[in-house]
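Here's the structure, in structure tokens; my notes come after.
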Amino acid sequence: MTPDSPLSSQHSRAEIPRVGDKQDKAEGVQRMFADIAPRYDLLNRVLSFGIDKSWRRAAAAEALLLKPARLLDVATGTGDFAIELKRRSPTTRVTASDFVPQMLAIGRKKAQARQLDIMFEEGDALKLPYPDASFEALTCAFGFRNFADYERGLAEFWRVLTPGGRLVILEFPPPAGGVFGSLFRVYFRHILPRIGALVSGNAGAYTYLPESVLAFPDPARLARLMQATGFRTRYRLLSAGIAAIHVGTKLGRTPLRSTQPGR
């Protein structure tokens, strides 16, 4: 997760990453996460009421089900998910990739403090610096939503996975309809940005968060995008639909023709 507040921000509204602008989105997201990196972990706990830990555990179980020898965690942030994966499967070689050096520095310190051997490497998720078929599993927890191009990201995931390799995406889908969905939208749009701003001192980041979630494809649409790329897919909702786990299995040796992901 991530945020900024009208109460204590030094950032203007124009500096909030553009949700639907592919050209400008990546640079804006990179600046935003670099700015909030020192408070990122605390904010995740506060804003999710600690439930994000159970979501990561469920996603980690899916990612490790086939006992991969090599696993890549993309958009790792401060490494929480990579650490969970390595802790659960000490024999798996875990590589954690992100394009924000400030986040990676925190992740390295956390892994070292736990004496976990995780390779933290800087890299762009839309142009991963790894050869084809390098990993048996690939994970992305709460980072895929921030990609400037979902289709290109999925194609890169497909490329670096071995045939039959497993992809696990943990993400926030747009809130569903009904009473709970309406309440969650109110929390997401009005309460969460204020809390995030107070804790982080960055109002734009936590204005961006709900906007990016509302603009993200719903679970069925994301599943179709994964299928079009060349994955056999399934998904399940967590905590009444607040989060969703998408599981994909790489099919074939050449990617299928993919559809254009709308915003």
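Chains: A, B, ... in order of the structure tokens. Residues: from 1 per chain. Ligands: from 1, in order shown.
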
In segment 12-254 of chain A, what's strand (DSSP E or B) per DSSP? Answer as a ChimeraX atom specification? /A:70-74,93-98,118-122,124,127,135-141,161-171,231-238,243-250

Any chance you could list, as an NGL selection string, the residues in segment 122-220 of chain A that come up alpha helix (DSSP H) when DSSP is run on the backbone? :A and (150-160 or 178-186 or 192-200 or 203-215 or 219-220)

Would you write out those residues with N, CA and C atoms, as a short mmCIF file (atom, residue, chain, number, x, y, z; two decimals), in the first residue's frame?
data_model
loop_
_atom_site.label_atom_id
_atom_site.label_comp_id
_atom_site.auth_asym_id
_atom_site.auth_seq_id
_atom_site.Cartn_x
_atom_site.Cartn_y
_atom_site.Cartn_z
N TYR A 150 0.01 -3.37 -18.02
CA TYR A 150 -0.29 -4.71 -17.47
C TYR A 150 0.06 -5.81 -18.46
N GLU A 151 -0.25 -5.59 -19.72
CA GLU A 151 -0.01 -6.61 -20.74
C GLU A 151 1.48 -6.91 -20.88
N ARG A 152 2.28 -5.88 -20.92
CA ARG A 152 3.73 -6.06 -21.04
C ARG A 152 4.29 -6.74 -19.79
N GLY A 153 3.77 -6.37 -18.62
CA GLY A 153 4.22 -7.02 -17.40
C GLY A 153 3.93 -8.51 -17.40
N LEU A 154 2.73 -8.89 -17.82
CA LEU A 154 2.38 -10.31 -17.88
C LEU A 154 3.25 -11.05 -18.90
N ALA A 155 3.56 -10.39 -20.02
CA ALA A 155 4.42 -11.02 -21.02
C ALA A 155 5.81 -11.27 -20.46
N GLU A 156 6.32 -10.35 -19.65
CA GLU A 156 7.62 -10.55 -19.02
C GLU A 156 7.56 -11.67 -17.99
N PHE A 157 6.48 -11.73 -17.23
CA PHE A 157 6.32 -12.82 -16.28
C PHE A 157 6.36 -14.16 -17.01
N TRP A 158 5.60 -14.24 -18.10
CA TRP A 158 5.54 -15.48 -18.90
C TRP A 158 6.92 -15.84 -19.42
N ARG A 159 7.66 -14.84 -19.90
CA ARG A 159 8.97 -15.09 -20.51
C ARG A 159 9.97 -15.69 -19.54
N VAL A 160 10.04 -15.16 -18.32
CA VAL A 160 11.08 -15.62 -17.40
C VAL A 160 10.70 -16.88 -16.64
N GLY A 178 -22.77 -3.70 -3.39
CA GLY A 178 -23.37 -4.08 -2.12
C GLY A 178 -22.97 -3.17 -0.99
N VAL A 179 -23.50 -3.48 0.19
CA VAL A 179 -23.26 -2.64 1.36
C VAL A 179 -21.79 -2.63 1.75
N PHE A 180 -21.17 -3.83 1.81
CA PHE A 180 -19.78 -3.89 2.22
C PHE A 180 -18.89 -3.15 1.24
N GLY A 181 -19.14 -3.35 -0.06
CA GLY A 181 -18.35 -2.66 -1.07
C GLY A 181 -18.47 -1.15 -0.96
N SER A 182 -19.69 -0.68 -0.67
CA SER A 182 -19.90 0.76 -0.52
C SER A 182 -19.15 1.31 0.68
N LEU A 183 -19.20 0.58 1.79
CA LEU A 183 -18.49 1.00 3.00
C LEU A 183 -16.98 1.02 2.76
N PHE A 184 -16.50 0.02 2.05
CA PHE A 184 -15.07 -0.06 1.80
C PHE A 184 -14.62 1.08 0.88
N ARG A 185 -15.47 1.45 -0.07
CA ARG A 185 -15.14 2.57 -0.93
C ARG A 185 -15.02 3.87 -0.13
N VAL A 186 -15.90 4.06 0.84
CA VAL A 186 -15.83 5.24 1.69
C VAL A 186 -14.53 5.25 2.47
N LEU A 192 -8.73 6.29 4.52
CA LEU A 192 -7.37 5.79 4.30
C LEU A 192 -6.39 6.89 3.89
N PRO A 193 -6.73 7.78 2.94
CA PRO A 193 -5.77 8.82 2.58
C PRO A 193 -5.39 9.73 3.75
N ARG A 194 -6.33 10.00 4.64
CA ARG A 194 -6.03 10.88 5.77
C ARG A 194 -5.10 10.19 6.77
N ILE A 195 -5.38 8.90 7.06
CA ILE A 195 -4.50 8.16 7.97
C ILE A 195 -3.10 8.05 7.38
N GLY A 196 -3.04 7.66 6.10
CA GLY A 196 -1.75 7.52 5.44
C GLY A 196 -0.97 8.81 5.42
N ALA A 197 -1.66 9.91 5.21
CA ALA A 197 -1.00 11.21 5.16
C ALA A 197 -0.41 11.58 6.52
N LEU A 198 -1.16 11.33 7.58
CA LEU A 198 -0.70 11.66 8.92
C LEU A 198 0.54 10.86 9.30
N VAL A 199 0.56 9.57 8.93
CA VAL A 199 1.68 8.71 9.30
C VAL A 199 2.89 8.95 8.41
N SER A 200 2.65 9.13 7.10
CA SER A 200 3.76 9.20 6.16
C SER A 200 4.21 10.61 5.84
N ALA A 203 0.75 13.05 1.23
CA ALA A 203 -0.68 12.92 0.93
C ALA A 203 -0.94 12.31 -0.42
N GLY A 204 -0.11 12.60 -1.41
CA GLY A 204 -0.36 12.13 -2.77
C GLY A 204 -0.34 10.63 -2.89
N ALA A 205 0.55 9.96 -2.14
CA ALA A 205 0.68 8.52 -2.25
C ALA A 205 -0.61 7.81 -1.86
N TYR A 206 -1.26 8.29 -0.81
CA TYR A 206 -2.46 7.61 -0.34
C TYR A 206 -3.73 8.18 -0.97
N THR A 207 -3.56 9.17 -1.81
CA THR A 207 -4.63 9.54 -2.74
C THR A 207 -4.53 8.66 -3.97
N TYR A 208 -3.29 8.39 -4.37
CA TYR A 208 -3.05 7.51 -5.53
C TYR A 208 -3.56 6.10 -5.27
N LEU A 209 -3.38 5.58 -4.06
CA LEU A 209 -3.75 4.19 -3.78
C LEU A 209 -5.20 3.88 -4.13
N PRO A 210 -6.20 4.60 -3.57
CA PRO A 210 -7.57 4.26 -3.94
C PRO A 210 -7.87 4.49 -5.42
N GLU A 211 -7.26 5.52 -6.01
CA GLU A 211 -7.49 5.76 -7.42
C GLU A 211 -6.96 4.60 -8.27
N SER A 212 -5.81 4.08 -7.91
CA SER A 212 -5.22 2.98 -8.68
C SER A 212 -6.03 1.70 -8.52
N VAL A 213 -6.59 1.47 -7.34
CA VAL A 213 -7.41 0.28 -7.12
C VAL A 213 -8.72 0.37 -7.91
N LEU A 214 -9.35 1.54 -7.88
CA LEU A 214 -10.61 1.69 -8.60
C LEU A 214 -10.42 1.58 -10.11
N ALA A 215 -9.23 1.91 -10.60
CA ALA A 215 -8.95 1.83 -12.03
C ALA A 215 -8.44 0.46 -12.45
N PRO A 219 -11.28 -8.93 -10.93
CA PRO A 219 -10.64 -10.24 -10.99
C PRO A 219 -10.92 -11.03 -12.26
N ALA A 220 -12.15 -10.99 -12.75
CA ALA A 220 -12.47 -11.75 -13.96
C ALA A 220 -11.70 -11.20 -15.16
#

Given only C-alpha atoms as the basis, pick out the residue of A:Phe147, A:Thr249, A:Ala59, A:Arg166 nearest to Leu237 of chain A.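 Ranking A:Phe147, A:Thr249, A:Ala59, A:Arg166 by distance to Leu237 of chain A, first place goes to A:Ala59.
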
What does the distance between atom CA of Glu84 of chain A and atom CA of Asn146 of chain A come to in Å, to one decimal place?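 Separation of atom CA of Glu84 of chain A and atom CA of Asn146 of chain A: 21.5 Å.
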
Can you pull out the residues contacting Ala58 of chain A? Cut-off 10 Å, using only C-alpha atoms, and skip same-chain residues under 6 positions away; I want them as a compact mmCIF listing (two decimals) with N, CA, C and O atoms, in the first residue's frame.
# COMPACT_ATOMS: atom_id res chain seq x y z
N ASP A 52 -3.05 -7.83 6.12
CA ASP A 52 -2.18 -8.11 4.97
C ASP A 52 -1.24 -9.27 5.24
O ASP A 52 -0.82 -9.97 4.32
N LEU A 170 -0.91 -11.22 -5.96
CA LEU A 170 -1.76 -10.81 -4.83
C LEU A 170 -2.03 -9.33 -5.01
O LEU A 170 -1.10 -8.53 -5.10
N LEU A 238 -10.24 -12.75 -1.02
CA LEU A 238 -9.88 -12.83 0.40
C LEU A 238 -10.57 -11.70 1.15
O LEU A 238 -10.74 -10.60 0.62
N ILE A 245 -6.18 -13.35 -4.83
CA ILE A 245 -5.01 -14.12 -5.26
C ILE A 245 -5.31 -14.69 -6.64
O ILE A 245 -6.30 -15.40 -6.82

For Thr92 of chain A, work out the shell of residues within 6 Å, counting only C-alpha atoms and skipping chain neighbours fewer than 2 positions away, then give it as number ranges by chain. A: 69-70, 89-90, 94

Top pick for closest residue to Gly248 of chain A, considering A:Ala105, A:Leu72, A:Ala137, A:Ala176 and counting only C-alpha atoms: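 Of A:Ala105, A:Leu72, A:Ala137, A:Ala176, the one nearest Gly248 of chain A is A:Ala137, counting only C-alpha atoms.
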
Separation of atom CA of Phe188 of chain A and atom CA of Phe172 of chain A, in Å? 11.2 Å

For atom CA of Ile191 of chain A and atom CA of Cys140 of chain A, quote the distance in Å rounded to one decimal.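 Rounded to one decimal, the two atoms are 26.2 Å apart.
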
Which is closest to Leu85 of chain A among A:Ala60, A:Phe49, A:Ala111, A:Met103, if we use only C-alpha atoms?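 Checking each candidate against Leu85 of chain A, we get A:Ala60 as the closest.
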